[in-house]
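Structure file work-v3.txt (compact mmCIF, C-alpha atoms) is printed below.
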```
# COMPACT_ATOMS: atom_id res chain seq x y z
CA MET P 1 -62.65 -78.66 74.56
CA ALA P 2 -61.50 -81.37 76.96
CA SER P 3 -60.55 -84.76 75.54
CA ASP P 4 -58.31 -87.81 75.92
CA SER P 5 -55.76 -86.24 73.58
CA ALA P 6 -55.54 -82.95 75.48
CA SER P 7 -53.09 -82.10 78.26
CA TYR P 8 -54.07 -80.41 81.51
CA LEU P 9 -51.86 -78.50 83.91
CA ILE P 10 -53.66 -77.82 87.19
CA VAL P 11 -51.93 -75.25 89.38
CA GLY P 12 -52.88 -75.81 93.02
CA ALA P 13 -53.60 -79.01 94.94
CA GLY P 14 -56.46 -77.85 97.11
CA VAL P 15 -60.14 -78.70 96.78
CA PHE P 16 -60.65 -77.10 93.36
CA GLY P 17 -57.45 -78.52 91.90
CA VAL P 18 -57.67 -82.07 93.21
CA SER P 19 -61.38 -82.39 92.46
CA THR P 20 -60.73 -81.17 88.90
CA ALA P 21 -57.92 -83.68 88.44
CA TYR P 22 -60.06 -86.51 89.80
CA HIS P 23 -63.00 -85.80 87.50
CA LEU P 24 -60.76 -85.19 84.48
CA ILE P 25 -58.84 -88.46 84.82
CA GLN P 26 -62.05 -90.41 85.34
CA LYS P 27 -63.67 -88.91 82.25
CA TYR P 28 -60.50 -88.96 80.11
CA PRO P 29 -58.28 -91.78 81.43
CA LYS P 30 -55.79 -91.41 78.55
CA ALA P 31 -55.33 -87.66 78.97
CA SER P 32 -52.21 -86.11 80.46
CA VAL P 33 -53.26 -84.55 83.78
CA THR P 34 -50.65 -82.88 85.99
CA ILE P 35 -51.07 -81.09 89.32
CA VAL P 36 -48.35 -78.67 90.36
CA ASP P 37 -48.24 -77.28 93.90
CA ARG P 38 -45.61 -75.65 96.07
CA ASP P 39 -46.12 -78.32 98.75
CA ALA P 40 -46.11 -82.10 98.65
CA PHE P 41 -49.67 -83.37 98.97
CA ASP P 42 -48.79 -85.28 102.15
CA ALA P 43 -46.58 -82.60 103.72
CA GLU P 44 -46.93 -82.04 107.46
CA SER P 45 -47.86 -78.41 106.83
CA ARG P 46 -49.37 -76.79 103.73
CA VAL P 47 -50.68 -73.35 102.77
CA ALA P 48 -53.85 -74.54 101.00
CA ALA P 49 -57.08 -73.39 102.65
CA SER P 50 -58.40 -76.93 102.29
CA TRP P 51 -55.47 -78.35 104.23
CA ASP P 52 -57.03 -78.04 107.65
CA TRP P 53 -57.97 -79.98 110.74
CA ASN P 54 -61.63 -80.03 109.75
CA LYS P 55 -64.18 -78.20 107.61
CA VAL P 56 -67.94 -77.71 107.76
CA ILE P 57 -70.08 -79.84 105.45
CA ARG P 58 -73.55 -78.37 104.92
CA ALA P 59 -76.16 -77.50 102.32
CA ASP P 60 -77.73 -74.70 104.37
CA TYR P 61 -77.85 -71.93 101.77
CA ASP P 62 -80.58 -69.52 100.79
CA ASP P 63 -78.92 -69.49 97.35
CA VAL P 64 -80.48 -72.32 95.35
CA VAL P 65 -77.29 -73.07 93.38
CA TYR P 66 -75.10 -73.69 96.42
CA CYS P 67 -77.88 -75.49 98.28
CA GLN P 68 -78.24 -77.89 95.34
CA LEU P 69 -74.46 -78.37 95.09
CA GLY P 70 -74.28 -78.92 98.85
CA LEU P 71 -76.96 -81.61 98.74
CA GLU P 72 -75.20 -83.29 95.82
CA ALA P 73 -71.85 -83.23 97.62
CA GLN P 74 -73.31 -84.51 100.90
CA ASP P 75 -74.75 -87.49 99.07
CA VAL P 76 -71.23 -88.38 97.88
CA PHE P 77 -69.76 -87.82 101.34
CA ARG P 78 -72.30 -90.26 102.76
CA LYS P 79 -72.07 -93.01 100.15
CA ASP P 80 -68.76 -92.96 98.28
CA PRO P 81 -66.11 -95.19 99.97
CA LEU P 82 -63.45 -92.63 99.04
CA TYR P 83 -65.09 -89.81 101.01
CA LYS P 84 -67.29 -91.57 103.55
CA PRO P 85 -64.57 -92.35 106.16
CA TYR P 86 -63.90 -88.63 106.61
CA PHE P 87 -67.47 -87.34 106.98
CA HIS P 88 -69.06 -86.95 110.41
CA GLU P 89 -72.78 -86.18 110.24
CA LYS P 90 -73.25 -84.34 113.54
CA GLY P 91 -75.79 -81.73 112.42
CA ILE P 92 -75.89 -77.93 112.20
CA PHE P 93 -76.98 -75.45 114.90
CA TRP P 94 -77.16 -72.02 113.21
CA ILE P 95 -78.02 -68.97 115.32
CA CYS P 96 -79.69 -66.51 112.90
CA ARG P 97 -80.05 -62.74 113.32
CA ASP P 98 -82.19 -62.23 110.24
CA GLY P 99 -84.63 -64.32 108.21
CA TYR P 100 -81.92 -66.74 107.08
CA ALA P 101 -83.41 -69.80 108.78
CA ARG P 102 -86.73 -69.46 106.94
CA ASP P 103 -84.97 -68.66 103.66
CA VAL P 104 -82.89 -71.84 103.92
CA ILE P 105 -85.94 -73.96 104.73
CA ASN P 106 -87.80 -72.51 101.74
CA THR P 107 -84.83 -73.27 99.48
CA TYR P 108 -84.78 -76.88 100.72
CA LYS P 109 -88.49 -77.18 99.97
CA ARG P 110 -88.01 -75.71 96.51
CA LEU P 111 -85.40 -78.37 95.76
CA GLY P 112 -87.46 -81.19 97.24
CA GLY P 113 -85.08 -81.70 100.15
CA THR P 114 -86.05 -84.38 102.65
CA ALA P 115 -83.94 -83.31 105.64
CA ASP P 116 -85.69 -82.79 108.97
CA ILE P 117 -84.65 -79.14 108.96
CA LYS P 118 -86.47 -76.65 111.16
CA ALA P 119 -86.32 -73.21 112.75
CA VAL P 120 -86.74 -73.13 116.53
CA SER P 121 -87.15 -70.40 119.10
CA ILE P 122 -84.34 -69.23 121.36
CA GLN P 123 -86.10 -70.83 124.33
CA GLU P 124 -86.18 -74.21 122.59
CA ALA P 125 -82.65 -73.83 121.23
CA ARG P 126 -81.20 -73.35 124.72
CA LYS P 127 -82.51 -76.80 125.69
CA LEU P 128 -81.17 -78.72 122.70
CA HIS P 129 -78.05 -80.91 122.85
CA GLY P 130 -78.25 -81.17 126.62
CA GLY P 131 -78.19 -77.39 127.00
CA LEU P 132 -74.83 -77.12 125.25
CA PHE P 133 -75.69 -73.69 123.81
CA GLU P 134 -77.67 -72.43 126.80
CA ASP P 135 -75.18 -69.65 127.51
CA ALA P 136 -74.61 -68.61 123.89
CA ASP P 137 -75.05 -65.02 122.74
CA TYR P 138 -78.58 -64.69 121.37
CA THR P 139 -78.56 -60.89 121.09
CA GLY P 140 -80.74 -59.83 118.15
CA VAL P 141 -81.50 -63.44 117.22
CA GLN P 142 -84.79 -64.28 115.49
CA GLU P 143 -84.57 -68.07 115.24
CA VAL P 144 -82.11 -70.95 115.29
CA LEU P 145 -81.78 -73.21 112.27
CA VAL P 146 -81.42 -76.88 113.21
CA ASN P 147 -80.42 -79.41 110.55
CA PRO P 148 -79.38 -82.94 111.57
CA THR P 149 -77.92 -83.74 108.13
CA GLY P 150 -74.90 -81.41 108.18
CA GLY P 151 -71.60 -81.98 109.89
CA TRP P 152 -67.87 -81.82 109.29
CA ALA P 153 -65.09 -83.56 107.41
CA ALA P 154 -61.52 -84.39 108.40
CA ALA P 155 -60.35 -81.95 105.76
CA GLY P 156 -56.62 -82.58 105.39
CA ASP P 157 -56.95 -86.35 105.64
CA CYS P 158 -59.68 -86.44 103.00
CA LEU P 159 -57.65 -84.19 100.68
CA ILE P 160 -54.67 -86.54 100.95
CA ALA P 161 -56.84 -89.62 100.28
CA VAL P 162 -58.40 -88.18 97.12
CA THR P 163 -55.02 -86.94 95.87
CA ARG P 164 -53.58 -90.43 96.33
CA LYS P 165 -56.49 -91.84 94.35
CA CYS P 166 -55.75 -89.36 91.55
CA LEU P 167 -52.14 -90.57 91.42
CA GLU P 168 -53.31 -94.20 91.28
CA LEU P 169 -55.47 -93.29 88.29
CA GLY P 170 -52.55 -91.73 86.44
CA VAL P 171 -52.43 -88.07 87.48
CA LYS P 172 -48.91 -86.68 87.85
CA TYR P 173 -47.92 -84.49 90.80
CA VAL P 174 -45.11 -81.92 90.58
CA VAL P 175 -43.79 -80.06 93.62
CA ALA P 176 -42.79 -76.57 92.46
CA GLU P 177 -43.69 -72.95 93.08
CA VAL P 178 -45.29 -71.41 90.00
CA GLU P 179 -43.98 -67.92 89.29
CA THR P 180 -45.83 -66.87 86.12
CA VAL P 181 -48.25 -68.10 83.51
CA GLN P 182 -46.64 -68.39 80.05
CA ILE P 183 -48.51 -66.30 77.47
CA ASP P 184 -47.15 -65.78 73.95
CA ARG P 185 -47.52 -62.74 71.68
CA SER P 186 -50.74 -64.07 70.19
CA GLY P 187 -52.31 -64.26 73.66
CA ARG P 188 -52.12 -68.02 73.93
CA CYS P 189 -51.32 -69.62 77.30
CA SER P 190 -48.95 -72.56 76.93
CA GLY P 191 -48.31 -73.42 80.58
CA VAL P 192 -46.37 -71.98 83.49
CA LYS P 193 -42.86 -71.05 84.58
CA THR P 194 -41.68 -72.15 88.03
CA ALA P 195 -39.56 -70.17 90.46
CA LYS P 196 -36.58 -72.30 89.41
CA GLY P 197 -37.09 -71.44 85.75
CA GLU P 198 -38.63 -74.74 84.63
CA ILE P 199 -41.32 -74.48 81.96
CA LEU P 200 -44.33 -76.80 82.27
CA THR P 201 -46.56 -76.93 79.22
CA ALA P 202 -50.12 -78.06 78.48
CA SER P 203 -52.99 -77.32 76.13
CA HIS P 204 -55.13 -76.33 79.13
CA THR P 205 -53.76 -74.45 82.15
CA ILE P 206 -56.20 -74.29 85.06
CA LEU P 207 -55.46 -71.99 87.99
CA CYS P 208 -56.84 -73.42 91.24
CA THR P 209 -54.52 -71.19 93.23
CA GLY P 210 -56.73 -69.73 95.95
CA ALA P 211 -55.20 -66.80 97.79
CA TYR P 212 -52.15 -66.84 95.51
CA THR P 213 -54.26 -66.15 92.40
CA PRO P 214 -54.17 -62.30 92.47
CA THR P 215 -50.38 -62.34 92.96
CA LEU P 216 -49.77 -64.95 90.25
CA LEU P 217 -51.91 -63.07 87.74
CA GLU P 218 -50.23 -59.77 88.62
CA TYR P 219 -46.81 -61.34 87.97
CA SER P 220 -48.12 -62.82 84.73
CA ALA P 221 -49.68 -59.57 83.54
CA VAL P 222 -46.37 -57.77 83.94
CA SER P 223 -44.20 -60.52 82.46
CA SER P 224 -46.47 -60.90 79.41
CA GLY P 225 -47.10 -57.20 78.93
CA ARG P 226 -50.83 -57.85 79.05
CA PRO P 227 -52.51 -55.80 81.82
CA ASN P 228 -55.87 -57.50 81.25
CA VAL P 229 -54.43 -60.76 82.61
CA ALA P 230 -54.42 -59.29 86.16
CA ALA P 231 -57.25 -60.14 88.56
CA GLY P 232 -58.05 -56.53 89.36
CA PHE P 233 -61.31 -56.17 91.28
CA ARG P 234 -62.37 -59.77 90.71
CA LEU P 235 -60.41 -61.51 93.46
CA VAL P 236 -58.96 -60.44 96.80
CA ALA P 237 -56.80 -62.59 99.07
CA GLY P 238 -58.16 -62.67 102.61
CA GLY P 239 -57.17 -64.32 105.87
CA ILE P 240 -59.02 -65.52 108.95
CA THR P 241 -57.88 -67.03 112.24
CA THR P 242 -58.70 -70.51 113.48
CA GLY P 243 -57.93 -71.91 116.90
CA MET P 244 -58.18 -75.20 118.78
CA THR P 245 -58.11 -76.61 122.27
CA LYS P 246 -57.73 -80.22 123.40
CA LEU P 247 -60.64 -81.42 125.52
CA THR P 248 -60.31 -83.20 128.84
CA ASP P 249 -62.21 -86.43 129.41
CA GLU P 250 -64.89 -84.49 131.27
CA SER P 251 -65.29 -81.89 128.49
CA PHE P 252 -65.27 -84.53 125.77
CA ALA P 253 -68.08 -86.39 127.51
CA ARG P 254 -70.24 -83.31 127.04
CA PHE P 255 -68.99 -81.90 123.73
CA GLY P 256 -68.03 -85.10 121.89
CA SER P 257 -71.36 -85.49 120.11
CA MET P 258 -72.06 -81.78 119.53
CA PRO P 259 -73.21 -80.37 116.16
CA VAL P 260 -71.42 -77.69 114.18
CA GLY P 261 -72.28 -74.35 115.76
CA ILE P 262 -72.62 -71.18 113.69
CA GLN P 263 -73.30 -67.64 114.87
CA GLY P 264 -74.90 -65.81 111.95
CA TYR P 265 -74.69 -62.05 111.58
CA THR P 266 -75.78 -59.33 109.13
CA PRO P 267 -73.42 -57.35 106.82
CA GLU P 268 -73.60 -54.49 109.30
CA LEU P 269 -72.46 -56.71 112.19
CA GLY P 270 -69.80 -58.71 110.34
CA PRO P 271 -68.99 -62.26 109.22
CA PHE P 272 -70.48 -65.35 110.82
CA ILE P 273 -68.29 -67.40 113.15
CA GLY P 274 -68.19 -71.10 113.88
CA SER P 275 -67.41 -73.84 116.35
CA LEU P 276 -66.62 -77.35 115.10
CA PRO P 277 -66.96 -80.61 117.06
CA PRO P 278 -63.82 -82.31 118.41
CA ASN P 279 -61.81 -84.39 115.97
CA ALA P 280 -60.21 -87.80 116.53
CA ASP P 281 -57.59 -86.16 118.76
CA ARG P 282 -60.34 -84.54 120.85
CA GLU P 283 -59.37 -81.11 119.53
CA MET P 284 -62.20 -78.61 119.19
CA LYS P 285 -61.97 -75.77 116.66
CA TRP P 286 -63.31 -72.24 116.18
CA TRP P 287 -62.93 -69.63 113.49
CA GLY P 288 -63.05 -65.94 114.27
CA GLN P 289 -64.96 -62.98 112.89
CA THR P 290 -62.11 -60.80 111.65
CA ILE P 291 -61.40 -61.29 107.93
CA PHE P 292 -58.49 -59.21 106.65
CA LYS P 293 -56.49 -58.28 103.57
CA ASN P 294 -52.73 -57.98 103.37
CA THR P 295 -52.14 -55.32 100.74
CA ARG P 296 -48.49 -55.18 99.76
CA GLU P 297 -46.21 -54.34 96.85
CA VAL P 298 -45.63 -57.61 94.99
CA LEU P 299 -43.72 -55.89 92.16
CA PRO P 300 -42.49 -52.29 91.92
CA GLY P 301 -45.61 -50.15 91.71
CA HIS P 302 -47.98 -53.14 91.80
CA TYR P 303 -50.07 -53.65 94.93
CA VAL P 304 -52.42 -56.55 95.65
CA SER P 305 -53.67 -58.30 98.75
CA ALA P 306 -51.46 -61.35 99.22
CA PRO P 307 -50.45 -63.74 102.01
CA PRO P 308 -47.15 -62.85 103.73
CA PRO P 309 -44.12 -63.62 101.51
CA LYS P 310 -42.96 -66.62 103.51
CA PRO P 311 -42.87 -70.26 102.32
CA ASP P 312 -45.66 -71.17 104.74
CA TYR P 313 -47.46 -67.79 104.48
CA GLY P 314 -46.46 -67.24 108.12
CA GLN P 315 -49.67 -69.11 108.94
CA TRP P 316 -48.53 -70.15 112.41
CA ASP P 317 -47.39 -66.61 113.39
CA VAL P 318 -50.70 -65.40 114.79
CA PRO P 319 -50.79 -61.96 116.46
CA ASP P 320 -52.32 -61.73 119.92
CA ARG P 321 -55.15 -59.55 118.63
CA LEU P 322 -56.24 -62.35 116.30
CA LYS P 323 -55.90 -64.97 119.02
CA GLU P 324 -58.34 -62.86 121.01
CA ASP P 325 -60.78 -63.30 118.13
CA ILE P 326 -60.89 -67.01 118.96
CA VAL P 327 -61.35 -66.37 122.68
CA ARG P 328 -64.31 -64.16 121.79
CA ALA P 329 -65.76 -66.84 119.49
CA ASN P 330 -65.62 -69.38 122.31
CA LYS P 331 -67.43 -66.96 124.62
CA LEU P 332 -70.17 -66.22 122.07
CA PHE P 333 -71.02 -69.92 121.81
CA TYR P 334 -70.59 -71.25 125.34
CA GLY P 335 -70.28 -68.26 127.66
CA LYS P 336 -69.11 -69.02 131.18
CA ASN P 337 -69.21 -72.78 130.61
CA THR P 338 -65.90 -72.80 128.69
CA ALA P 339 -64.35 -69.50 129.80
CA HIS P 340 -61.52 -71.39 131.52
CA TRP P 341 -60.39 -73.14 128.35
CA THR P 342 -57.00 -72.28 126.85
CA MET P 343 -56.55 -72.19 123.08
CA GLU P 344 -53.48 -74.28 122.27
CA LYS P 345 -53.22 -74.01 118.46
CA HIS P 346 -53.74 -71.08 116.12
CA ARG P 347 -53.48 -70.81 112.35
CA ILE P 348 -54.18 -68.09 109.80
CA CYS P 349 -56.04 -69.55 106.84
CA TRP P 350 -55.94 -67.72 103.47
CA ASP P 351 -58.38 -67.89 100.57
CA ALA P 352 -59.48 -65.86 97.53
CA PHE P 353 -62.68 -63.80 97.86
CA THR P 354 -65.15 -62.41 95.36
CA THR P 355 -67.58 -59.65 96.33
CA THR P 356 -70.52 -62.07 96.29
CA SER P 357 -68.76 -65.25 97.51
CA ASP P 358 -69.50 -66.79 94.10
CA PHE P 359 -66.70 -68.94 92.71
CA ILE P 360 -64.89 -68.17 89.48
CA ILE P 361 -65.00 -71.25 87.23
CA SER P 362 -64.35 -69.80 83.85
CA PRO P 363 -62.04 -69.32 80.87
CA HIS P 364 -59.78 -66.31 81.30
CA SER P 365 -60.81 -63.73 78.69
CA GLY P 366 -57.26 -62.34 78.56
CA ALA P 367 -55.51 -65.53 77.41
CA ASN P 368 -56.63 -68.46 75.30
CA GLY P 369 -56.01 -71.81 76.99
CA LEU P 370 -56.04 -70.29 80.48
CA TYR P 371 -58.84 -71.17 82.91
CA LEU P 372 -59.69 -70.51 86.55
CA ALA P 373 -61.37 -72.53 89.27
CA THR P 374 -60.98 -70.51 92.44
CA GLY P 375 -62.61 -67.86 94.66
CA GLY P 376 -63.60 -70.26 97.42
CA SER P 377 -64.38 -67.37 99.80
CA PHE P 378 -64.00 -69.79 102.73
CA HIS P 379 -66.97 -71.92 101.71
CA GLY P 380 -65.56 -74.16 98.98
CA TYR P 381 -64.50 -77.29 100.86
CA LYS P 382 -67.99 -78.74 101.29
CA PHE P 383 -68.26 -79.13 97.50
CA PHE P 384 -65.02 -81.15 97.23
CA PRO P 385 -66.62 -84.34 95.84
CA VAL P 386 -68.45 -82.59 92.98
CA ILE P 387 -66.92 -79.21 92.12
CA GLY P 388 -64.44 -80.77 89.70
CA LYS P 389 -67.33 -82.12 87.63
CA TYR P 390 -68.43 -78.56 86.96
CA VAL P 391 -64.90 -77.45 86.12
CA VAL P 392 -64.77 -80.21 83.47
CA GLN P 393 -68.13 -79.00 82.14
CA MET P 394 -66.65 -75.50 81.89
CA LEU P 395 -63.62 -76.82 79.98
CA ASN P 396 -66.00 -78.57 77.56
CA GLY P 397 -68.23 -75.52 77.12
CA GLU P 398 -71.07 -77.50 78.68
CA LEU P 399 -71.62 -75.56 81.92
CA PRO P 400 -75.31 -74.61 82.29
CA SER P 401 -75.84 -70.99 81.31
CA SER P 402 -76.96 -70.03 84.83
CA LEU P 403 -73.67 -71.31 86.29
CA GLU P 404 -71.63 -69.91 83.41
CA GLU P 405 -72.98 -66.45 84.24
CA LYS P 406 -72.69 -66.86 88.00
CA TRP P 407 -69.08 -68.11 87.89
CA ALA P 408 -67.84 -65.98 84.99
CA TRP P 409 -64.46 -64.23 84.99
CA ASP P 410 -66.08 -61.16 83.45
CA ARG P 411 -69.36 -60.35 85.17
CA GLN P 412 -70.85 -57.50 87.12
CA ARG P 413 -69.65 -57.58 90.70
CA PRO P 414 -71.66 -55.69 93.32
CA ASP P 415 -70.30 -53.59 96.14
CA PRO P 416 -68.93 -55.91 98.87
CA LYS P 417 -70.63 -53.84 101.57
CA HIS P 418 -73.60 -56.18 101.08
CA PHE P 419 -71.44 -59.25 101.73
CA ALA P 420 -70.79 -59.94 105.41
CA ASP P 421 -67.86 -62.27 104.77
CA TRP P 422 -65.58 -59.80 103.02
CA PRO P 423 -62.04 -58.82 104.12
CA ARG P 424 -62.65 -55.43 105.71
CA PHE P 425 -59.44 -55.05 107.71
CA GLU P 426 -55.75 -54.80 106.86
CA MET P 427 -53.41 -57.28 108.49
CA LYS P 428 -50.89 -54.54 109.34
CA ASP P 429 -53.49 -52.94 111.60
CA LEU P 430 -53.98 -56.19 113.54
CA VAL P 431 -50.42 -57.06 114.48
CA GLY P 432 -50.00 -54.48 117.23
CA PRO P 433 -50.71 -54.88 120.95
CA ILE P 434 -54.24 -55.35 122.20
CA ARG P 435 -55.68 -52.04 123.43
CA THR P 436 -57.78 -52.17 126.55
CA SER P 437 -60.09 -49.37 127.60
CA LYS P 438 -59.54 -47.52 130.88
CA LEU P 439 -62.73 -47.04 132.82
```
Have the structure of the file written as structure tokens, please.
Amino acid sequence: MASDSASYLIVGAGVFGVSTAYHLIQKYPKASVTIVDRDAFDAESRVAASWDWNKVIRADYDDVVYCQLGLEAQDVFRKDPLYKPYFHEKGIFWICRDGYARDVINTYKRLGGTADIKAVSIQEARKLHGGLFEDADYTGVQEVLVNPTGGWAAAGDCLIAVTRKCLELGVKYVVAEVETVQIDRSGRCSGVKTAKGEILTASHTILCTGAYTPTLLEYSAVSSGRPNVAAGFRLVAGGITTGMTKLTDESFARFGSMPVGIQGYTPELGPFIGSLPPNADREMKWWGQTIFKNTREVLPGHYVSAPPPKPDYGQWDVPDRLKEDIVRANKLFYGKNTAHWTMEKHRICWDAFTTTSDFIISPHSGANGLYLATGGSFHGYKFFPVIGKYVVQMLNGELPSSLEEKWAWDRQRPDPKHFADWPRFEMKDLVGPIRTSKL
């Protein structure tokens, strides 16, 4: 049970961790709340998935839970002075190859949503936004979902601002790499041990560790002699490539007011891809379609998918084959209109995936006092303003039963073949030269 007299150690200063700290310190201003992360919150480069140039903000889900959370979060992004400066409501243009558009609209109606959301034909879609998407790939498309209320956030800048606010309210921030969770013989978690051997203790230890979670729990399972501490099938670390180009004055005049573009696919065709509007530096971003694991031996005889073992996850070392993924994404949205553009920045972003893309916000059944708030599956950022509220509810045993079941550590997890956005490749198979066919 959370309280003013309790102590909280939050491992990870991304969206889940910072939002949890913010809601905890607001609810329990006398409590001891500490965030520990391998990077300073204002570092020039970080490994957190939420540390990014920009992220999509939307409520366009056919799942009623995430649609409701998205609407709740958007309301905060629009109105709260802490978040409002970083939100850009440019709209969503979602090219759908199944019945997703209608499913989203029905979910909005079910929740009483008031957005002017609609599904339009391909012919009409080509004319919208001054014909910006006229040369997009519409192969197999049924309809295009158009929602003027979505947009994007300046992700890294917003994360820094909210972290600073946490510190002003009394949250402590420790820069250290966490090596293991400390679990005693009775199965009680008392905190963590850092790579330098320092022990940090708390009555509640909350892992908001994203892609590092499977590795951290594997280390902890071995060090504690408790195999059931490991993540096992529940979480898999996965990576995806993002890329950017800086727009000329001429290009910015056309693309400066564009909406977020999304190319939706089916599980058989692969993950959806996206194109985000230019930021304050006139840099336009894409993410690719190839999501991959990096299975490696983290301890003798123990294999998990984990980011590369470099301080920065090697996130700027992007193989040519993955850079081509961004070139392809550009082509699928704008065709010949932007074929001459050169991608100037690339980054590999890592996150933790579940087989359904549902988060894990739950006590850990293998250790008392240990909790998790992770499994963002590359769609967690949009809930930044509110997700911590639900983590606090979980800590208090007050999470609604429907969410408790959906976000449980121990729950039935279906085959990921039904989930389009699942890491289906291995990174080692993507680092070689690009093969071109000979005709």
With 9 Å as the cut-off and all atoms listed in the file counted, what is the closest atom pair between each nearby residue of range 149-252 of chain P and range 414-435 of chain P? Distances in Å to one decimal, ordered by chain and number, as a tab-separated table.
```
residue	atom	partner	partner_atom	distance
P:Val236	CA	P:Pro423	CA	8.1
P:Ala237	CA	P:Pro423	CA	8.2
P:Gly238	CA	P:Pro423	CA	5.7
P:Gly239	CA	P:Pro423	CA	7.6
P:Ile240	CA	P:Pro423	CA	8.8
```
- Query: In file coordinates, which residues lie within 9 Å of (-55.8, -69.3, 89.3) using all atoms listed in the file, given as a VMD selection string?
  - Reply: chain P and resid 11 to 12 206 to 214 216 to 217 370 to 375
Near-Arg38 in chain P list (7 Å; only C-alpha atoms; drop same-chain fewer than 5 positions) as a PDB file with C-alpha atoms, in the coordinates of the input:
```
ATOM      1  CA  VAL P 175     -43.790 -80.060  93.620  1.00  0.00           C
ATOM      2  CA  ALA P 176     -42.790 -76.570  92.460  1.00  0.00           C
ATOM      3  CA  GLU P 177     -43.690 -72.950  93.080  1.00  0.00           C
TER       4      GLU P 177
END
```
- Message: Just checking: using all atoms listed in the file, which residue out of P:Pro300, P:Gly113, P:Gly225, P:Gly150 ends up closest to Val181 in chain P?
- Response: P:Gly225
- Within 10 Å of Ile183 in chain P using all atoms listed in the file, minus same-chain residues under 3 positions, as a PyMOL selection string: chain P and resi 180+186-192+220-221+223-226+229+366-370
Find the spatial neighbours of Thr34 in chain P, counting only C-alpha atoms, within a cut-off of 12 Å - ignore same-chain residues fewer than 2 positions away - and output them as a compact mmCIF listing (two decimals) with C-alpha atoms, in the coordinates of the input.
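Printed below is out01.txt as written:
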```txt
# COMPACT_ATOMS: atom_id res chain seq x y z
CA ALA P 6 -55.54 -82.95 75.48
CA SER P 7 -53.09 -82.10 78.26
CA TYR P 8 -54.07 -80.41 81.51
CA LEU P 9 -51.86 -78.50 83.91
CA ILE P 10 -53.66 -77.82 87.19
CA VAL P 11 -51.93 -75.25 89.38
CA GLY P 12 -52.88 -75.81 93.02
CA ALA P 13 -53.60 -79.01 94.94
CA GLY P 17 -57.45 -78.52 91.90
CA VAL P 18 -57.67 -82.07 93.21
CA THR P 20 -60.73 -81.17 88.90
CA ALA P 21 -57.92 -83.68 88.44
CA TYR P 22 -60.06 -86.51 89.80
CA LEU P 24 -60.76 -85.19 84.48
CA ILE P 25 -58.84 -88.46 84.82
CA ALA P 31 -55.33 -87.66 78.97
CA SER P 32 -52.21 -86.11 80.46
CA VAL P 36 -48.35 -78.67 90.36
CA ASP P 37 -48.24 -77.28 93.90
CA THR P 163 -55.02 -86.94 95.87
CA CYS P 166 -55.75 -89.36 91.55
CA LEU P 167 -52.14 -90.57 91.42
CA LEU P 169 -55.47 -93.29 88.29
CA GLY P 170 -52.55 -91.73 86.44
CA VAL P 171 -52.43 -88.07 87.48
CA LYS P 172 -48.91 -86.68 87.85
CA TYR P 173 -47.92 -84.49 90.80
CA VAL P 174 -45.11 -81.92 90.58
CA VAL P 175 -43.79 -80.06 93.62
CA ALA P 176 -42.79 -76.57 92.46
CA GLY P 191 -48.31 -73.42 80.58
CA VAL P 192 -46.37 -71.98 83.49
CA LEU P 200 -44.33 -76.80 82.27
CA THR P 201 -46.56 -76.93 79.22
CA ALA P 202 -50.12 -78.06 78.48
CA SER P 203 -52.99 -77.32 76.13
CA HIS P 204 -55.13 -76.33 79.13
CA THR P 205 -53.76 -74.45 82.15
CA ILE P 206 -56.20 -74.29 85.06
```
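If you look at CA of Gly232 in chain P and CA of Gly270 in chain P, they are 24.1 Å away from each other.
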Hey, can I get the axis-aligned box for range 35-45 of chain P? All listed atoms, 6 Å padding on each side, centre and edge lengths in Å to one decimal, as lines of an AutoDock Vina configuration file.
```
center_x = -48.3
center_y = -80.5
center_z = 98.4
size_x = 17.5
size_y = 21.6
size_z = 30.1
```
- Message: What's the separation between CA of Pro311 in chain P and CA of Ala40 in chain P, in Å to one decimal place?
- Response: 12.8 Å
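We find CA of Ile326 in chain P and CA of Met343 in chain P to be spaced 7.9 Å apart.
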- Which residues, written as JSON, numbers by chain, have at least one atom at most 9 Å from Ile95 in chain P, with all atoms listed in the file counted and residues fewer than 4 positions away on the same chain left out? {"P": [101, 122, 125, 137, 138, 141, 142, 143, 144, 145, 146, 261, 262, 263, 264, 265]}
Keeping C-alpha atoms for every residue in the selection just given, could you write it to a file as a compact mmCIF listing (two decimals), in the frame of the given file?
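Once written, again33.txt looks like this:
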```txt
# COMPACT_ATOMS: atom_id res chain seq x y z
CA ALA P 101 -83.41 -69.80 108.78
CA ILE P 122 -84.34 -69.23 121.36
CA ALA P 125 -82.65 -73.83 121.23
CA ASP P 137 -75.05 -65.02 122.74
CA TYR P 138 -78.58 -64.69 121.37
CA VAL P 141 -81.50 -63.44 117.22
CA GLN P 142 -84.79 -64.28 115.49
CA GLU P 143 -84.57 -68.07 115.24
CA VAL P 144 -82.11 -70.95 115.29
CA LEU P 145 -81.78 -73.21 112.27
CA VAL P 146 -81.42 -76.88 113.21
CA GLY P 261 -72.28 -74.35 115.76
CA ILE P 262 -72.62 -71.18 113.69
CA GLN P 263 -73.30 -67.64 114.87
CA GLY P 264 -74.90 -65.81 111.95
CA TYR P 265 -74.69 -62.05 111.58
```
- Item | Residues within 9 Å of range 127-133 of chain P, only C-alpha atoms, excluding chain neighbours under 2 positions, as JSON, numbers by chain | {"P": [122, 123, 124, 125, 135, 136, 137, 254, 255, 257, 258, 259, 261, 333, 334, 335, 337]}
- Item | Closest of P:Thr114, P:Thr245, P:Ser401, P:Ser50 to Ser19 in chain P - atom-to-atom distances counting all atoms listed in the file |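 Under the stated criterion, the closest residue is P:Ser50.
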